[in-house]
$ cat input32.txt   # compact mmCIF, C-alpha atoms and all ligand atoms
# COMPACT_ATOMS: atom_id res chain seq x y z
CA MET A 1 -260.46 72.01 -121.15
CA ARG A 2 -264.00 70.68 -120.87
CA ALA A 3 -266.43 71.66 -118.10
CA THR A 4 -268.66 69.23 -116.28
CA ILE A 5 -271.16 68.89 -113.45
CA THR A 6 -269.38 67.78 -110.28
CA ALA A 7 -272.23 68.08 -107.76
CA ILE A 8 -276.02 68.28 -107.96
CA ALA A 9 -278.93 68.76 -105.56
CA HIS A 10 -282.47 70.09 -105.69
CA SER A 11 -285.10 71.48 -103.36
CA VAL A 12 -288.80 72.19 -103.44
CA PRO A 13 -290.96 73.86 -100.79
CA PRO A 14 -292.63 71.30 -98.50
CA THR A 15 -296.28 72.19 -99.13
CA VAL A 16 -298.03 70.13 -101.84
CA TYR A 17 -301.10 71.33 -103.76
CA ASP A 18 -302.91 68.67 -105.78
CA ASN A 19 -305.32 69.19 -108.67
CA HIS A 20 -308.31 68.86 -106.34
CA TRP A 21 -307.13 71.98 -104.49
CA PHE A 22 -307.69 73.94 -107.73
CA ALA A 23 -310.93 72.12 -108.58
CA GLU A 24 -312.36 73.26 -105.25
CA ARG A 25 -311.59 76.92 -106.08
CA ILE A 26 -311.88 77.46 -109.84
CA ASP A 27 -313.70 75.96 -112.82
CA THR A 28 -311.38 73.03 -113.52
CA THR A 29 -311.11 69.31 -112.82
CA ASP A 30 -308.40 66.88 -111.83
CA GLU A 31 -309.21 64.96 -115.02
CA TRP A 32 -308.68 68.00 -117.31
CA ILE A 33 -305.36 68.89 -115.73
CA ARG A 34 -304.06 65.31 -115.78
CA THR A 35 -305.04 64.54 -119.35
CA ARG A 36 -304.10 67.90 -120.92
CA THR A 37 -300.80 68.39 -119.04
CA GLY A 38 -299.74 65.27 -117.08
CA ILE A 39 -299.68 67.24 -113.80
CA ILE A 40 -301.12 65.71 -110.62
CA GLU A 41 -299.58 67.91 -107.93
CA ARG A 42 -297.04 70.68 -107.41
CA HIS A 43 -295.27 72.43 -104.52
CA PHE A 44 -295.84 76.08 -103.62
CA ALA A 45 -293.80 78.09 -101.15
CA THR A 46 -295.84 79.68 -98.38
CA GLU A 47 -293.07 82.11 -97.43
CA GLY A 48 -289.69 83.43 -98.64
CA GLY A 49 -288.33 84.15 -102.11
CA VAL A 50 -286.64 82.07 -104.77
CA THR A 51 -283.29 82.27 -102.96
CA ASP A 52 -284.91 80.56 -99.98
CA ILE A 53 -286.00 77.74 -102.27
CA LEU A 54 -282.50 77.45 -103.78
CA LEU A 55 -280.43 77.82 -100.59
CA PRO A 56 -280.83 74.22 -99.30
CA ALA A 57 -279.93 72.85 -102.74
CA ALA A 58 -276.86 75.11 -102.93
CA GLU A 59 -275.70 73.99 -99.50
CA ALA A 60 -276.32 70.32 -100.33
CA ALA A 61 -274.36 70.56 -103.61
CA LEU A 62 -271.34 72.10 -101.89
CA LYS A 63 -271.48 69.50 -99.10
CA GLN A 64 -271.71 66.73 -101.68
CA ARG A 65 -268.52 68.04 -103.35
CA GLY A 66 -266.80 68.48 -100.01
CA ILE A 67 -266.09 72.19 -100.42
CA THR A 68 -267.17 75.25 -98.43
CA PRO A 69 -269.00 78.39 -99.62
CA LEU A 70 -265.65 80.21 -99.44
CA ASP A 71 -264.37 77.98 -102.27
CA VAL A 72 -267.03 79.20 -104.73
CA ASP A 73 -265.70 81.57 -107.44
CA CYS A 74 -268.94 82.52 -109.20
CA ILE A 75 -272.69 82.14 -108.62
CA ILE A 76 -275.28 82.23 -111.38
CA VAL A 77 -278.96 82.28 -110.48
CA ALA A 78 -281.21 81.38 -113.41
CA THR A 79 -284.72 82.60 -112.68
CA VAL A 80 -287.58 84.82 -113.87
CA THR A 81 -288.89 85.21 -110.33
CA PRO A 82 -285.94 86.89 -108.56
CA ASP A 83 -286.38 87.90 -104.91
CA ARG A 84 -286.38 91.52 -106.10
CA ILE A 85 -285.80 93.23 -109.47
CA PHE A 86 -282.50 94.33 -107.96
CA PRO A 87 -280.08 93.47 -106.50
CA ALA A 88 -279.42 90.20 -108.29
CA SER A 89 -280.66 87.11 -106.52
CA ALA A 90 -277.10 85.80 -107.02
CA ALA A 91 -275.93 88.48 -104.58
CA ILE A 92 -278.69 87.64 -102.10
CA LEU A 93 -277.88 83.94 -102.32
CA GLN A 94 -274.15 84.66 -102.00
CA HIS A 95 -274.83 86.47 -98.73
CA LYS A 96 -277.14 83.76 -97.37
CA LEU A 97 -274.58 81.09 -98.26
CA GLY A 98 -271.60 83.06 -96.94
CA ALA A 99 -269.81 82.64 -100.29
CA THR A 100 -267.89 85.86 -99.77
CA ASN A 101 -265.25 85.14 -102.43
CA ALA A 102 -267.80 84.72 -105.23
CA TRP A 103 -269.02 87.22 -107.81
CA GLY A 104 -272.07 86.44 -109.89
CA PHE A 105 -275.18 87.45 -111.73
CA ASP A 106 -278.74 86.46 -112.63
CA LEU A 107 -279.78 85.06 -115.98
CA ALA A 108 -283.36 85.36 -117.24
CA ALA A 109 -284.17 82.83 -119.93
CA ALA A 110 -287.37 81.46 -118.39
CA CYS A 111 -287.77 77.71 -118.99
CA SER A 112 -284.43 77.64 -120.83
CA GLY A 113 -282.67 79.28 -117.89
CA PHE A 114 -280.83 76.12 -116.89
CA LEU A 115 -279.54 75.41 -120.40
CA TYR A 116 -278.50 79.01 -121.07
CA SER A 117 -276.71 79.29 -117.75
CA LEU A 118 -275.12 75.84 -117.96
CA ILE A 119 -273.42 76.88 -121.20
CA THR A 120 -272.47 80.31 -119.77
CA ALA A 121 -270.99 78.64 -116.68
CA SER A 122 -269.15 76.01 -118.70
CA LYS A 123 -267.53 78.67 -120.91
CA LEU A 124 -266.40 80.65 -117.84
CA VAL A 125 -264.80 77.49 -116.48
CA GLU A 126 -263.34 76.31 -119.79
CA SER A 127 -261.72 79.69 -120.40
CA GLY A 128 -259.93 79.45 -117.06
CA ALA A 129 -261.61 82.67 -115.87
CA VAL A 130 -262.99 80.89 -112.81
CA ARG A 131 -262.29 77.56 -111.13
CA ASN A 132 -265.94 76.81 -110.52
CA VAL A 133 -269.47 78.14 -110.88
CA LEU A 134 -272.32 77.36 -108.52
CA LEU A 135 -275.31 77.42 -110.86
CA CYS A 136 -278.67 77.68 -109.09
CA SER A 137 -281.69 77.42 -111.33
CA GLY A 138 -285.29 77.65 -110.22
CA ASP A 139 -288.42 79.69 -109.80
CA LYS A 140 -291.07 80.65 -107.33
CA MET A 141 -293.84 80.68 -109.93
CA SER A 142 -296.54 81.04 -107.29
CA ALA A 143 -295.38 84.67 -106.94
CA ILE A 144 -296.59 85.48 -110.48
CA LEU A 145 -299.60 83.18 -110.90
CA ASP A 146 -303.15 84.46 -111.14
CA PHE A 147 -304.95 81.84 -109.07
CA ASP A 148 -308.24 82.91 -110.68
CA ASP A 149 -306.91 82.03 -114.17
CA ARG A 150 -307.49 78.33 -114.77
CA ALA A 151 -305.52 78.36 -118.02
CA THR A 152 -302.19 79.22 -116.35
CA SER A 153 -302.36 78.69 -112.58
CA VAL A 154 -302.69 74.90 -112.76
CA LEU A 155 -299.57 74.52 -114.91
CA PHE A 156 -296.79 75.73 -112.65
CA GLY A 157 -294.99 74.92 -109.40
CA ASP A 158 -292.11 76.18 -107.26
CA GLY A 159 -288.68 74.55 -107.02
CA GLY A 160 -285.14 74.44 -108.29
CA GLY A 161 -281.79 72.74 -108.39
CA CYS A 162 -278.11 73.64 -108.06
CA VAL A 163 -275.08 72.22 -109.84
CA LEU A 164 -271.39 72.87 -109.41
CA ILE A 165 -269.52 73.32 -112.70
CA GLU A 166 -265.79 72.57 -112.75
CA PRO A 167 -263.14 71.39 -115.23
CA SER A 168 -263.66 67.75 -116.19
CA ALA A 169 -260.95 65.31 -115.18
CA ASP A 170 -261.62 63.44 -118.44
CA ASP A 171 -261.94 65.32 -121.76
CA ASN A 172 -264.41 62.70 -123.01
CA LEU A 173 -266.88 63.45 -120.23
CA GLY A 174 -268.85 66.62 -119.48
CA ILE A 175 -270.68 69.18 -121.58
CA MET A 176 -270.09 67.99 -125.16
CA ASP A 177 -272.25 70.18 -127.40
CA PHE A 178 -275.08 72.68 -127.33
CA ILE A 179 -277.70 74.37 -129.50
CA LEU A 180 -279.30 77.50 -128.05
CA ARG A 181 -281.94 79.50 -129.87
CA MET A 182 -284.06 82.62 -129.29
CA ASP A 183 -286.93 84.28 -131.13
CA GLY A 184 -288.21 87.49 -129.55
CA ALA A 185 -291.31 87.32 -131.74
CA GLY A 186 -292.60 84.92 -129.07
CA GLU A 187 -292.92 87.74 -126.53
CA VAL A 188 -296.53 88.42 -127.51
CA HIS A 189 -297.61 84.88 -126.63
CA LEU A 190 -295.92 84.53 -123.23
CA HIS A 191 -294.99 87.37 -120.90
CA GLN A 192 -295.72 89.30 -117.72
CA LYS A 193 -297.47 92.51 -118.73
CA ALA A 194 -296.37 94.88 -115.97
CA GLY A 195 -293.72 95.36 -113.33
CA GLY A 196 -290.77 96.18 -115.57
CA SER A 197 -289.55 99.52 -116.97
CA LEU A 198 -292.02 99.42 -119.86
CA ARG A 199 -295.03 99.30 -117.58
CA PRO A 200 -294.06 100.06 -114.00
CA PRO A 201 -296.35 98.91 -111.19
CA SER A 202 -299.32 101.18 -110.56
CA LEU A 203 -302.81 100.96 -109.14
CA GLU A 204 -304.02 100.37 -112.70
CA THR A 205 -301.63 97.46 -113.39
CA VAL A 206 -302.59 95.81 -110.12
CA THR A 207 -306.32 96.32 -110.70
CA ASN A 208 -305.98 94.89 -114.21
CA ARG A 209 -304.10 91.84 -112.86
CA GLU A 210 -301.08 92.55 -115.09
CA HIS A 211 -298.41 91.19 -112.74
CA TYR A 212 -299.05 87.57 -113.59
CA VAL A 213 -298.00 85.03 -116.23
CA TYR A 214 -299.83 85.76 -119.46
CA GLN A 215 -299.79 82.80 -121.86
CA GLU A 216 -301.57 81.97 -125.09
CA GLY A 217 -301.37 78.25 -124.46
CA GLN A 218 -302.03 76.91 -127.93
CA ALA A 219 -299.55 79.19 -129.71
CA VAL A 220 -296.83 78.31 -127.20
CA PHE A 221 -297.73 74.64 -127.39
CA LYS A 222 -297.26 74.54 -131.16
CA ALA A 223 -293.95 76.42 -131.05
CA ALA A 224 -292.70 74.25 -128.17
CA VAL A 225 -293.49 70.95 -129.87
CA LYS A 226 -291.57 71.98 -132.98
CA GLY A 227 -288.74 73.84 -131.22
CA MET A 228 -287.90 71.21 -128.64
CA ALA A 229 -288.18 68.28 -131.01
CA ASP A 230 -286.04 69.99 -133.68
CA VAL A 231 -283.07 70.82 -131.46
CA SER A 232 -283.18 67.50 -129.58
CA TYR A 233 -283.04 65.58 -132.84
CA GLU A 234 -280.43 67.91 -134.35
CA ILE A 235 -277.97 67.57 -131.47
CA MET A 236 -278.22 63.80 -131.64
CA GLU A 237 -277.75 63.73 -135.38
CA ARG A 238 -274.80 66.11 -135.58
CA ASN A 239 -272.99 64.11 -132.90
CA HIS A 240 -273.65 60.91 -134.87
CA LEU A 241 -275.67 59.37 -132.05
CA THR A 242 -278.68 57.11 -132.48
CA ALA A 243 -281.53 56.62 -130.03
CA ASP A 244 -279.67 53.53 -128.78
CA ASP A 245 -276.68 55.67 -127.77
CA VAL A 246 -278.74 58.10 -125.68
CA ALA A 247 -279.30 56.94 -122.10
CA TRP A 248 -281.78 59.68 -121.13
CA LEU A 249 -283.74 62.57 -122.57
CA ILE A 250 -284.15 65.15 -119.81
CA PRO A 251 -286.79 67.53 -121.15
CA HIS A 252 -288.27 70.68 -119.70
CA GLN A 253 -291.48 69.66 -117.93
CA ALA A 254 -294.18 72.00 -119.31
CA ASN A 255 -296.60 69.47 -120.75
CA LEU A 256 -296.41 65.70 -121.09
CA ARG A 257 -297.67 65.95 -124.67
CA ILE A 258 -294.70 68.19 -125.63
CA ILE A 259 -292.31 65.72 -123.97
CA ASP A 260 -293.87 62.76 -125.81
CA ALA A 261 -293.59 64.55 -129.17
CA THR A 262 -289.90 65.28 -128.55
CA ALA A 263 -289.14 61.69 -127.56
CA GLU A 264 -291.00 60.40 -130.59
CA ARG A 265 -289.01 62.62 -132.95
CA MET A 266 -285.78 61.29 -131.41
CA GLY A 267 -287.01 57.70 -131.66
CA LEU A 268 -286.59 57.24 -127.91
CA SER A 269 -288.66 54.76 -125.91
CA LYS A 270 -290.57 56.04 -122.87
CA GLU A 271 -288.16 54.30 -120.47
CA LYS A 272 -285.43 56.72 -121.55
CA VAL A 273 -287.41 59.88 -120.90
CA MET A 274 -287.25 61.54 -117.48
CA VAL A 275 -290.71 62.68 -116.41
CA ASN A 276 -291.65 64.17 -113.05
CA ILE A 277 -294.20 66.78 -114.20
CA ASP A 278 -296.84 64.73 -112.36
CA ARG A 279 -295.25 65.65 -109.01
CA TYR A 280 -293.90 69.17 -109.59
CA GLY A 281 -295.69 70.81 -112.53
CA ASN A 282 -293.66 73.34 -114.50
CA THR A 283 -291.07 74.91 -112.20
CA THR A 284 -289.70 76.98 -115.14
CA ALA A 285 -285.88 77.19 -114.64
CA GLY A 286 -286.14 74.41 -112.06
CA THR A 287 -287.42 71.51 -114.14
CA ILE A 288 -284.21 70.17 -115.69
CA PRO A 289 -281.92 70.37 -112.65
CA ILE A 290 -284.66 68.77 -110.51
CA CYS A 291 -284.94 65.93 -113.05
CA LEU A 292 -281.16 65.47 -113.19
CA SER A 293 -280.83 65.53 -109.42
CA GLU A 294 -283.57 62.93 -108.97
CA LEU A 295 -282.01 60.62 -111.57
CA TYR A 296 -278.65 60.98 -109.81
CA GLN A 297 -280.16 60.30 -106.39
CA GLN A 298 -281.97 57.26 -107.76
CA ARG A 299 -278.66 56.01 -109.29
CA LYS A 300 -280.30 55.88 -112.68
CA ILE A 301 -277.54 57.76 -114.53
CA LYS A 302 -274.15 56.16 -114.89
CA LYS A 303 -270.75 57.66 -115.56
CA GLY A 304 -270.27 57.82 -119.35
CA ASP A 305 -274.01 58.00 -120.15
CA TYR A 306 -275.07 60.34 -122.97
CA LEU A 307 -277.85 62.67 -121.81
CA VAL A 308 -279.81 65.09 -123.99
CA LEU A 309 -281.24 68.05 -122.08
CA SER A 310 -283.83 70.14 -123.92
CA SER A 311 -286.11 73.05 -123.20
CA PHE A 312 -288.54 75.58 -124.61
CA GLY A 313 -289.88 78.69 -122.92
CA ALA A 314 -290.63 82.39 -122.83
CA GLY A 315 -288.74 84.64 -125.19
CA TYR A 316 -289.04 82.37 -127.02
CA THR A 317 -285.89 80.66 -125.83
CA TRP A 318 -285.09 77.04 -126.50
CA GLY A 319 -282.23 74.64 -126.91
CA SER A 320 -280.56 71.32 -126.27
CA ILE A 321 -277.34 70.23 -124.60
CA LEU A 322 -275.47 66.96 -125.05
CA LEU A 323 -273.94 65.93 -121.76
CA ARG A 324 -271.77 62.92 -121.01
CA TRP A 325 -272.26 62.21 -117.32
CA SER A 326 -269.00 62.28 -115.33
CA MET A 327 -270.08 61.69 -111.72
CA GLU A 328 -269.79 58.36 -109.94
CA ASP A 329 -272.98 56.82 -108.48
CA ALA A 330 -274.50 58.74 -105.58
CA PRO A 331 -273.33 57.43 -102.19
CA MET A 332 -275.95 55.17 -100.59
CA GLU A 333 -276.79 57.80 -97.93
CA GLU A 334 -277.89 60.20 -100.71
CA VAL A 335 -280.06 57.64 -102.51
CA SER A 336 -283.78 58.44 -102.31
N1 LIG B 1 -309.52 73.35 -116.70
C1 LIG B 1 -310.52 73.13 -117.54
N2 LIG B 1 -310.60 73.65 -118.78
C2 LIG B 1 -309.59 74.46 -119.15
C3 LIG B 1 -308.51 74.75 -118.31
C4 LIG B 1 -308.51 74.16 -117.04
N3 LIG B 1 -307.50 74.36 -116.14
N4 LIG B 1 -307.67 75.58 -118.96
C5 LIG B 1 -308.20 75.81 -120.16
N5 LIG B 1 -309.37 75.14 -120.28
C6 LIG B 1 -310.29 75.10 -121.40
C7 LIG B 1 -310.19 76.30 -122.31
O1 LIG B 1 -310.94 77.36 -121.81
C8 LIG B 1 -310.75 75.76 -123.59
O2 LIG B 1 -312.14 75.77 -123.51
P1 LIG B 1 -313.02 76.14 -124.80
O3 LIG B 1 -312.71 75.07 -125.80
O4 LIG B 1 -314.41 76.10 -124.27
O5 LIG B 1 -312.57 77.51 -125.22
C9 LIG B 1 -310.30 74.30 -123.58
O6 LIG B 1 -309.96 73.97 -122.21
C10 LIG B 1 -309.11 74.03 -124.45
O7 LIG B 1 -308.12 75.01 -124.16
P2 LIG B 1 -306.76 75.02 -124.89
O8 LIG B 1 -305.95 76.20 -124.45
O9 LIG B 1 -307.00 74.83 -126.36
O10 LIG B 1 -306.14 73.69 -124.30
P3 LIG B 1 -304.83 72.99 -124.75
O11 LIG B 1 -305.10 71.61 -125.10
O12 LIG B 1 -304.02 73.83 -125.70
O13 LIG B 1 -304.03 72.94 -123.37
C11 LIG B 1 -302.22 74.07 -122.25
C12 LIG B 1 -303.67 74.14 -122.71
C13 LIG B 1 -301.85 75.39 -121.58
C14 LIG B 1 -302.09 72.93 -121.28
C15 LIG B 1 -301.32 73.83 -123.47
O14 LIG B 1 -301.66 74.72 -124.49
C16 LIG B 1 -299.85 73.96 -123.19
O15 LIG B 1 -299.27 73.13 -122.54
N6 LIG B 1 -299.20 75.00 -123.76
C17 LIG B 1 -297.76 75.15 -123.71
C18 LIG B 1 -297.22 75.43 -122.35
C19 LIG B 1 -295.74 75.64 -122.48
O16 LIG B 1 -295.03 74.86 -123.04
N7 LIG B 1 -295.24 76.73 -121.96
C20 LIG B 1 -293.87 77.04 -122.22
C21 LIG B 1 -293.09 77.06 -121.04
S1 LIG B 1 -293.73 78.04 -119.77

$ encode --input "input32.txt" --output "structure tokens" --more "lines below"
Ligand code: COA
Amino acid sequence: MRATITAIAHSVPPTVYDNHWFAERIDTTDEWIRTRTGIIERHFATEGGVTDILLPAAEAALKQRGITPLDVDCIIVATVTPDRIFPASAAILQHKLGATNAWGFDLAAACSGFLYSLITASKLVESGAVRNVLLCSGDKMSAILDFDDRATSVLFGDGGGCVLIEPSADDNLGIMDFILRMDGAGEVHLHQKAGGSLRPPSLETVTNREHYVYQEGQAVFKAAVKGMADVSYEIMERNHLTADDVAWLIPHQANLRIIDATAERMGLSKEKVMVNIDRYGNTTAGTIPICLSELYQQRKIKKGDYLVLSSFGAGYTWGSILLRWSMEDAPMEEVS
């Protein structure tokens, strides 16, 4: 049995913050942000937690598939900004959705959260352990951004997407192959200093601003360029695909320069690379499902298309997935 995506939707908070908003507050410029990252604007939630961002996408995905929350067997929430450290955001989302027959859990793989959880979900489905998994992947990065730190605050946004994973009706369509990697040596370059069991919250951690994203940009940049390009090329090569065979590269949206380097290594032209970093920034676990959902809504992916999804993020975690799209075109009422 092969698992596949049978429904997809995304959601972002309504409020948009453009680069000028930052330039008015900290020592940065629209020009620096655009040219160094590709970002023009991003969405930040003004209230609620990550489950509030994901809930509309979860409801839309179930509606699209024509099933109710009671039909969901398992919920995975991929995030590094859970509503609370415990209980799992999967439980909170289950309650908000009314998916009372579902069990579930959270998965923390940062920017690779969608890829890690897509493979976890597909293996649960392929083993026959569950009939379906509602995979909700996204982050409320504004909750852990230091808005006084120009090197990190301008990079991120809030948002996420949800997919339903079920057995594929056609063994030649669905999740075909994956490469997932991890290197914990990357922890020093990208982490949140306090708030966990190692360094619990205290007056000192708050005063020292330790509850925010800490990133050594250049070190992460170098590792990301190599990591993402390597696995994206490798998955194509070991499946005997050429750039002509691949319909779309759907990369994690951390920096346009990392995306360009990955596409170049694969020999892909720009028209085959999904980019929306200009509108959303880096939504961490949200980037890839948002990209996929937009492509679907725009009817730009066709049944049978080969898609390469690839990511790099904190951990380090990184990877690529080869997907052969199995859904029919979005109905006209869903086209945006
Ligand atoms: N506005 C203006 N100047 C800024 C700035 C900002 N928002 N942020 C940093 N700078 C400055 C730096 O202070 C530095 O100044 P200096 O030369 O006087 O010291 C200069 O710009 C260059 O900084 P640097 O960090 O070398 O820039 P960069 O080209 O590496 O770009 C990132 C920074 C963060 C955009 C880039 O490193 C990156 O994308 N890293 C990877 C992110 C990633 O993939 N994360 C993984 C997933 S979360």

$ residues_near_ligand --input "input32.txt" --ligand "ligand LIG 1 (chain B)" --cutoff "6 Å" --atoms "all atoms listed in the file" --output "MDAnalysis selection string"
chainID A and resid 28:29 32:33 36:37 111 150:151 154 217:218 220:221 224 254:255 312:313

$ closest_residue --input "input32.txt" --among "A:Thr284, A:Thr100, A:Thr207, A:Thr68" --to "A:Pro251" --atoms "only C-alpha atoms"
A:Thr284

$ closest_residue --input "input32.txt" --among "A:Thr46, A:Ser232, A:Thr81, A:Ser320" --to "A:Tyr17" --atoms "only C-alpha atoms"
A:Thr46

$ atom_distance --input "input32.txt" --atom1 "atom CA of A:Asn276" --atom2 "atom CA of A:Leu307"
16.4 Å

$ residues_around --input "input32.txt" --residues "A:Leu322" --least-positions-apart "5" --cutoff "8 Å" --atoms "only C-alpha atoms" --output "ChimeraX atom specification"
/A:175-178,235-236,306-309

$ write_last_selection --input "input32.txt" --atoms "C-alpha atoms" --output "tab-separated table (two decimals), in the frame of the given file"
chain	number	residue	atom	x	y	z
A	175	ILE	CA	-270.68	69.18	-121.58
A	176	MET	CA	-270.09	67.99	-125.16
A	177	ASP	CA	-272.25	70.18	-127.40
A	178	PHE	CA	-275.08	72.68	-127.33
A	235	ILE	CA	-277.97	67.57	-131.47
A	236	MET	CA	-278.22	63.80	-131.64
A	306	TYR	CA	-275.07	60.34	-122.97
A	307	LEU	CA	-277.85	62.67	-121.81
A	308	VAL	CA	-279.81	65.09	-123.99
A	309	LEU	CA	-281.24	68.05	-122.08

$ residues_around --input "input32.txt" --residues "A:Glu59" --least-positions-apart "5" --cutoff "12 Å" --atoms "all atoms listed in the file" --output "PyMOL selection string"
chain A and resi 7-11+51-54+64-70+72+93-94+96-99+134-136+161-164

$ closest_residue --input "input32.txt" --among "A:Gly267, A:Asp73, A:Ala229, A:Arg257" --to "A:Thr242" --atoms "all atoms listed in the file"
A:Gly267

$ closest_residue --input "input32.txt" --among "A:Thr283, A:Thr4, A:Ser112, A:Ser311" --to "A:Arg324" --atoms "all atoms listed in the file"
A:Thr4

$ atom_distance --input "input32.txt" --atom1 "atom CA of A:Ile76" --atom2 "atom CA of A:Pro200"
26.0 Å

$ residues_around --input "input32.txt" --residues "A:Met274" --least-positions-apart "2" --cutoff "7 Å" --atoms "all atoms listed in the file" --output "PyMOL selection string"
chain A and resi 248-250+272+276+291

$ residues_around --input "input32.txt" --residues "A:Ile179" --least-positions-apart "5" --cutoff "7 Å" --atoms "all atoms listed in the file" --output "PyMOL selection string"
chain A and resi 231+319-321

$ axis_aligned_box --input "input32.txt" --around "stretch 164-169 of chain A" --padding-each-side "6 Å" --output "JSON"
{"center_x": -266.2, "center_y": 69.3, "center_z": -112.8, "size_x": 22.4, "size_y": 20.0, "size_z": 18.8}

$ closest_residue --input "input32.txt" --among "A:Tyr233, A:Tyr212, A:Trp21, A:Tyr296" --to "A:Asp146" --atoms "only C-alpha atoms"
A:Tyr212

$ atom_distance --input "input32.txt" --atom1 "atom CA of A:Ala78" --atom2 "atom CA of A:Ala109"
7.3 Å

$ residues_around --input "input32.txt" --residues "stretch 84-91 of chain A" --least-positions-apart "4" --cutoff "6 Å" --atoms "only C-alpha atoms" --output "MDAnalysis selection string"
chainID A and resid 75:77 104:106

$ closest_residue --input "input32.txt" --among "A:Ser326, A:Thr6, A:Gln253, A:Ser153" --to "A:Ala285" --atoms "only C-alpha atoms"
A:Gln253
